[in-house]
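First up is the structure itself, then whatever we jot down about it.
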Amino acid sequence: YVGTGEADMRSQISYGNGVYKSTDAGRTWRHLGLDATRQIGRVLVDSKNPDIVFVAALGHVYGPNADRGVFRSRDGGATWQQVLFKNENLGAVDLALDPRDPKVVYAALWNTRRPPWTIYPPSYGPGSGLYKSSDGGTTWTELTAGLPTEGLGRIGIAVAPTNARRVYAIVDAKQGGLYRSDDAGATWHLLSGDDRIWGRGWYFGKVVVDPKNADIVYVSNTSLYRSTDAGKSWTAIKGAPGGDDYHQLWIDPDDP
């Protein structure tokens, strides 16, 4: 499954046209709809059922639209249900699943708007926040205990594969940084406010956990940063500030 979106955020003419699926390892692709979502931040597949798919749709970045939020398919993308929607200005930008219990889903909602007169707009609209579902996306609860509220914008989330109660969130807010939960999202604590890992959070906002060690976590920004102490301290391991951008990271689960 592939979710499409705007190729260059500086462009005002390029945007995605929904979701595509390949059943032959990427040689051919079939369009599955969700055209009006325009910007898709994440696509996740149930680890136990490849026909169950979740899509985080940010929506139209230049104006309001209703085709945003979290969508779910239970038939391999043939049909879609909008399972998390708040309003026409609030979209979804990231998702994470409990690797051992895919009925547990985390979703980050984000209210952002890109006006035509600037490429670096404020991206802290009301309603941004982190949500959790324990029934496969049918019902959702907002997670707030310990998370910042002032100037809250984009959130990136990741569940540790070896410890599902360990959840990380890279948060763009007035008190931004790397937050961690050790009780499956019930409560959160700020582990690091290091500006290197969350500065320009509206542009980056991705976090990934080592498949075999819940204390090793990576954050993508102008450099790629790694923490080996569960988010307390960070080291740049690739790139140089101002020279490179890193927007996605995948770790081989068999050879991390």
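By order in the structure tokens, chains are A, B, ...; within a chain, residues start at 1; ligands start at 1, following the order shown.
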
Next on the checklist: Would you pick out the contacts of stretch 109-116 of chain A at 7 Å or less, using only C-alpha atoms, so that residues sharing its chain but fewer than 5 positions from it are not included, and give the list as a list in words?
Outcome noted: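 So, after excluding close chain neighbours, the residues are Val61, Tyr62, Gly63, Asn89, Leu90, Gly91, Ala92, Val93, Pro121, Ser123, Tyr124, Gly125, Pro126, Gly127, Ser128, Gly129, Leu130, Gly153 and Arg154 of chain A.
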
Item to check | Picked from stretch 1-225 of chain A by DSSP as strand (DSSP E), as a PyMOL selection string | outcome: chain A and resi 2-3+19-21+30-31+40-45+53-57+69-73+81-84+91-97+105-110+129-133+141-143+155-160+163-171+177-181+189-192+206-209+217-220+224-225

I'd like the neighbourhood of A:Lys21 as a short mmCIF file (atom, residue, chain, number, x, y, z; two decimals) with N, CA and C atoms, in the first residue's frame, where a residue qualifies if any of its atoms comes within 10 Å (using only C-alpha atoms), though same-chain residues fewer than 2 positions away should be ignored.
```
data_model
loop_
_atom_site.label_atom_id
_atom_site.label_comp_id
_atom_site.auth_asym_id
_atom_site.auth_seq_id
_atom_site.Cartn_x
_atom_site.Cartn_y
_atom_site.Cartn_z
N TYR A 1 0.84 -1.20 0.00
CA TYR A 1 0.00 0.00 0.00
C TYR A 1 0.88 1.25 0.00
N VAL A 2 0.48 2.25 -0.76
CA VAL A 2 1.19 3.53 -0.81
C VAL A 2 0.18 4.66 -0.69
N GLY A 3 0.47 5.60 0.19
CA GLY A 3 -0.35 6.80 0.28
C GLY A 3 0.36 7.96 -0.38
N VAL A 19 -4.76 6.44 -2.40
CA VAL A 19 -4.02 5.24 -2.02
C VAL A 19 -3.90 4.29 -3.20
N THR A 23 -0.12 -6.09 -5.47
CA THR A 23 -0.17 -7.47 -4.99
C THR A 23 0.89 -8.33 -5.66
N ASP A 24 1.83 -7.67 -6.36
CA ASP A 24 2.92 -8.41 -7.00
C ASP A 24 4.27 -7.80 -6.66
N ALA A 25 4.43 -7.44 -5.38
CA ALA A 25 5.70 -6.92 -4.86
C ALA A 25 6.14 -5.64 -5.54
N GLY A 26 5.17 -4.81 -5.96
CA GLY A 26 5.49 -3.48 -6.46
C GLY A 26 5.63 -3.36 -7.96
N THR A 28 3.21 -3.82 -10.31
CA THR A 28 2.04 -3.10 -10.83
C THR A 28 1.23 -2.57 -9.65
N TRP A 29 0.45 -1.52 -9.93
CA TRP A 29 -0.30 -0.84 -8.87
C TRP A 29 -1.74 -0.58 -9.30
N ARG A 30 -2.63 -0.63 -8.31
CA ARG A 30 -4.05 -0.35 -8.55
C ARG A 30 -4.51 0.76 -7.60
N HIS A 31 -5.26 1.72 -8.14
CA HIS A 31 -5.74 2.84 -7.36
C HIS A 31 -6.93 2.41 -6.49
N LEU A 32 -6.90 2.81 -5.20
CA LEU A 32 -7.92 2.37 -4.26
C LEU A 32 -8.81 3.50 -3.75
N GLY A 76 -9.12 -4.87 2.26
CA GLY A 76 -7.97 -4.65 1.39
C GLY A 76 -8.01 -3.39 0.57
N GLY A 77 -8.77 -2.40 1.02
CA GLY A 77 -8.84 -1.12 0.32
C GLY A 77 -9.98 -0.99 -0.67
#
```

Checklist entry - If you count only C-alpha atoms, which residues fall within 7 Å of stretch 216-218 of chain A, apart from same-chain ones fewer than 2 positions away, as an NGL selection string? => result :A and (207-210 or 213-214 or 220 or 225-231)

Kindly export the residues of the current selection with N, CA, C and O atoms, as a compact mmCIF listing (two decimals), in the first residue's frame.
```txt
# COMPACT_ATOMS: atom_id res chain seq x y z
N VAL A 207 9.59 9.53 14.48
CA VAL A 207 10.36 8.80 15.47
C VAL A 207 10.22 7.31 15.19
O VAL A 207 9.15 6.84 14.80
N VAL A 208 11.33 6.57 15.38
CA VAL A 208 11.37 5.13 15.10
C VAL A 208 12.13 4.44 16.23
O VAL A 208 13.15 4.95 16.69
N VAL A 209 11.64 3.26 16.66
CA VAL A 209 12.26 2.51 17.75
C VAL A 209 12.96 1.27 17.19
O VAL A 209 12.44 0.61 16.28
N ASP A 210 14.11 0.96 17.74
CA ASP A 210 14.84 -0.24 17.37
C ASP A 210 13.96 -1.48 17.56
O ASP A 210 13.30 -1.61 18.60
N ASN A 213 15.40 -3.44 20.78
CA ASN A 213 15.80 -2.75 22.00
C ASN A 213 14.95 -1.50 22.18
O ASN A 213 15.10 -0.52 21.44
N ALA A 214 14.08 -1.52 23.17
CA ALA A 214 13.13 -0.41 23.38
C ALA A 214 13.80 0.87 23.84
O ALA A 214 13.18 1.93 23.83
N SER A 220 14.25 11.72 13.04
CA SER A 220 14.71 12.34 11.79
C SER A 220 14.51 13.84 11.84
O SER A 220 13.43 14.31 12.22
N TYR A 225 19.19 11.53 14.32
CA TYR A 225 19.65 11.47 15.70
C TYR A 225 19.28 10.13 16.34
O TYR A 225 18.22 9.57 16.05
N ARG A 226 20.17 9.67 17.24
CA ARG A 226 19.93 8.40 17.93
C ARG A 226 20.11 8.59 19.44
O ARG A 226 21.02 9.27 19.89
N SER A 227 19.21 7.96 20.19
CA SER A 227 19.34 7.90 21.64
C SER A 227 19.45 6.43 22.04
O SER A 227 18.71 5.58 21.54
N THR A 228 20.37 6.14 22.95
CA THR A 228 20.52 4.77 23.45
C THR A 228 20.11 4.67 24.92
O THR A 228 20.29 3.62 25.54
N ASP A 229 19.54 5.75 25.46
CA ASP A 229 19.11 5.74 26.85
C ASP A 229 17.63 6.13 26.96
O ASP A 229 17.23 6.87 27.83
N ALA A 230 16.84 5.61 26.01
CA ALA A 230 15.37 5.76 26.04
C ALA A 230 14.92 7.20 25.89
O ALA A 230 13.88 7.60 26.42
N GLY A 231 15.71 8.03 25.18
CA GLY A 231 15.28 9.37 24.85
C GLY A 231 15.86 10.49 25.67
O GLY A 231 15.53 11.65 25.45
```

Next on the checklist: Can you pull out the residues contacting A:Trp188? Cut-off 7 Å, using only C-alpha atoms, and skip same-chain residues under 5 positions away; I want them as a list in words.
Outcome noted: Ala145, Gly146, Leu147, Tyr179, Arg180 and Ser181 of chain A

Item to check | Residue list (helix (DSSP H, G or I), DSSP) for stretch 7-202 of chain A, as a PyMOL selection string | outcome: chain A and resi 35-37+195-198

Take the residues from that selection and write them out as a PDB file, in the first residue's frame, keeping N, CA and C atoms.
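Printed below is result10.pdb as written:
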```pdb
ATOM      1  N   ASP A  35      -9.138   9.872  -3.081  1.00  0.00           N
ATOM      2  CA  ASP A  35      -8.529  10.930  -3.883  1.00  0.00           C
ATOM      3  C   ASP A  35      -8.536  12.279  -3.183  1.00  0.00           C
ATOM      4  N   ALA A  36      -9.643  12.620  -2.523  1.00  0.00           N
ATOM      5  CA  ALA A  36      -9.806  13.964  -1.976  1.00  0.00           C
ATOM      6  C   ALA A  36      -9.037  14.182  -0.676  1.00  0.00           C
ATOM      7  N   THR A  37      -8.369  13.157  -0.161  1.00  0.00           N
ATOM      8  CA  THR A  37      -7.571  13.354   1.050  1.00  0.00           C
ATOM      9  C   THR A  37      -6.332  14.213   0.779  1.00  0.00           C
ATOM     10  N   ASP A 195      16.560  21.012  21.152  1.00  0.00           N
ATOM     11  CA  ASP A 195      15.960  21.629  19.972  1.00  0.00           C
ATOM     12  C   ASP A 195      16.368  20.941  18.673  1.00  0.00           C
ATOM     13  N   ARG A 196      17.487  20.254  18.674  1.00  0.00           N
ATOM     14  CA  ARG A 196      17.949  19.593  17.457  1.00  0.00           C
ATOM     15  C   ARG A 196      16.982  18.511  16.990  1.00  0.00           C
ATOM     16  N   ILE A 197      16.284  17.872  17.900  1.00  0.00           N
ATOM     17  CA  ILE A 197      15.440  16.736  17.524  1.00  0.00           C
ATOM     18  C   ILE A 197      13.999  17.129  17.194  1.00  0.00           C
ATOM     19  N   TRP A 198      13.581  18.323  17.615  1.00  0.00           N
ATOM     20  CA  TRP A 198      12.194  18.692  17.336  1.00  0.00           C
ATOM     21  C   TRP A 198      12.036  20.072  16.708  1.00  0.00           C
TER      22      TRP A 198
END
```

Next on the checklist: So, with only C-alpha atoms as the atoms that count, which of A:Ile52, A:Ser233, A:Arg166, A:Leu224 lies closest to A:His247?
Outcome noted: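 Distance minimum relative to A:His247 lands on A:Leu224.
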
Item to check | Between atom CA of A:Ile155 and atom CA of A:Arg72 - distance in Å to one decimal | outcome: 20.2 Å

Checklist entry - What is the atom CA of A:Asp172 to atom CA of A:Arg100 distance in Å? => result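 Answer for the atom CA of A:Asp172 to atom CA of A:Arg100 separation: 28.3 Å.
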
Find the residues around A:Arg74 up to 10 Å (only C-alpha atoms counted), leave out those fewer than 4 positions away in its own chain, and share them as a CSV table (one decimal) with all heavy atoms, in the first residue's frame.
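After the write, part12.csv holds the following:
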```
chain,number,residue,atom,x,y,z
A,46,ASP,N,-2.5,-4.0,9.4
A,46,ASP,CA,-2.6,-4.9,10.5
A,46,ASP,C,-1.6,-6.0,10.4
A,46,ASP,O,-1.5,-6.7,9.3
A,46,ASP,CB,-4.0,-5.4,10.5
A,46,ASP,CG,-4.4,-6.3,11.8
A,46,ASP,OD1,-3.6,-7.2,12.0
A,46,ASP,OD2,-5.3,-5.9,12.4
A,49,ASN,N,-3.6,-9.3,9.7
A,49,ASN,CA,-4.6,-9.4,8.6
A,49,ASN,C,-4.2,-8.3,7.6
A,49,ASN,O,-4.5,-7.1,7.8
A,49,ASN,CB,-6.0,-9.2,9.2
A,49,ASN,CG,-7.0,-9.4,8.1
A,49,ASN,OD1,-6.8,-9.4,6.9
A,49,ASN,ND2,-8.3,-9.5,8.6
A,50,PRO,N,-3.7,-8.7,6.4
A,50,PRO,CA,-3.3,-7.7,5.4
A,50,PRO,C,-4.4,-7.0,4.8
A,50,PRO,O,-4.2,-6.0,4.0
A,50,PRO,CB,-2.5,-8.5,4.4
A,50,PRO,CG,-3.0,-9.9,4.6
A,50,PRO,CD,-3.3,-10.1,6.0
A,51,ASP,N,-5.7,-7.4,5.0
A,51,ASP,CA,-6.8,-6.7,4.5
A,51,ASP,C,-7.3,-5.5,5.3
A,51,ASP,O,-8.1,-4.7,4.9
A,51,ASP,CB,-8.0,-7.7,4.3
A,51,ASP,CG,-7.8,-8.6,3.1
A,51,ASP,OD1,-7.0,-8.2,2.1
A,51,ASP,OD2,-8.3,-9.7,3.1
A,52,ILE,N,-6.7,-5.4,6.6
A,52,ILE,CA,-7.1,-4.3,7.5
A,52,ILE,C,-6.0,-3.2,7.3
A,52,ILE,O,-4.8,-3.5,7.6
A,52,ILE,CB,-7.2,-4.8,8.9
A,52,ILE,CG1,-8.4,-5.8,9.0
A,52,ILE,CG2,-7.5,-3.6,9.8
A,52,ILE,CD1,-8.6,-6.4,10.4
A,53,VAL,N,-6.4,-2.1,6.9
A,53,VAL,CA,-5.5,-1.0,6.6
A,53,VAL,C,-6.0,0.3,7.2
A,53,VAL,O,-7.2,0.6,7.2
A,53,VAL,CB,-5.3,-0.8,5.1
A,53,VAL,CG1,-4.2,0.2,4.7
A,53,VAL,CG2,-5.1,-2.1,4.3
A,54,PHE,N,-5.0,1.1,7.8
A,54,PHE,CA,-5.3,2.4,8.3
A,54,PHE,C,-4.6,3.5,7.5
A,54,PHE,O,-3.4,3.3,7.2
A,54,PHE,CB,-4.9,2.5,9.8
A,54,PHE,CG,-5.7,1.6,10.7
A,54,PHE,CD1,-5.3,0.3,11.0
A,54,PHE,CD2,-6.9,2.0,11.3
A,54,PHE,CE1,-6.0,-0.6,11.8
A,54,PHE,CE2,-7.6,1.2,12.1
A,54,PHE,CZ,-7.2,-0.1,12.4
A,78,ALA,N,-10.8,-2.0,-0.8
A,78,ALA,CA,-12.0,-1.9,-1.7
A,78,ALA,C,-13.0,-0.8,-1.2
A,78,ALA,O,-13.5,-0.1,-2.0
A,78,ALA,CB,-12.7,-3.3,-1.8
A,79,THR,N,-13.1,-0.7,0.1
A,79,THR,CA,-14.0,0.3,0.7
A,79,THR,C,-13.3,0.9,1.9
A,79,THR,O,-12.4,0.2,2.5
A,79,THR,CB,-15.4,-0.3,1.1
A,79,THR,OG1,-15.2,-1.3,2.1
A,79,THR,CG2,-16.1,-0.9,-0.1
A,80,TRP,N,-13.7,2.1,2.2
A,80,TRP,CA,-13.0,2.9,3.3
A,80,TRP,C,-14.1,3.4,4.2
A,80,TRP,O,-15.2,3.9,3.8
A,80,TRP,CB,-12.2,4.0,2.8
A,80,TRP,CG,-11.0,3.5,2.0
A,80,TRP,CD1,-11.0,3.4,0.6
A,80,TRP,CD2,-9.7,3.1,2.4
A,80,TRP,NE1,-9.8,2.9,0.2
A,80,TRP,CE2,-9.0,2.7,1.3
A,80,TRP,CE3,-9.2,3.0,3.7
A,80,TRP,CZ2,-7.7,2.2,1.4
A,80,TRP,CZ3,-7.9,2.5,3.8
A,80,TRP,CH2,-7.1,2.1,2.7
A,81,GLN,N,-13.8,3.5,5.5
A,81,GLN,CA,-14.6,4.1,6.5
A,81,GLN,C,-13.8,5.1,7.3
A,81,GLN,O,-12.7,4.9,7.7
A,81,GLN,CB,-15.1,3.0,7.5
A,81,GLN,CG,-16.0,3.6,8.6
A,81,GLN,CD,-16.4,2.6,9.7
A,81,GLN,OE1,-15.9,1.4,9.6
A,81,GLN,NE2,-17.3,2.9,10.6
```
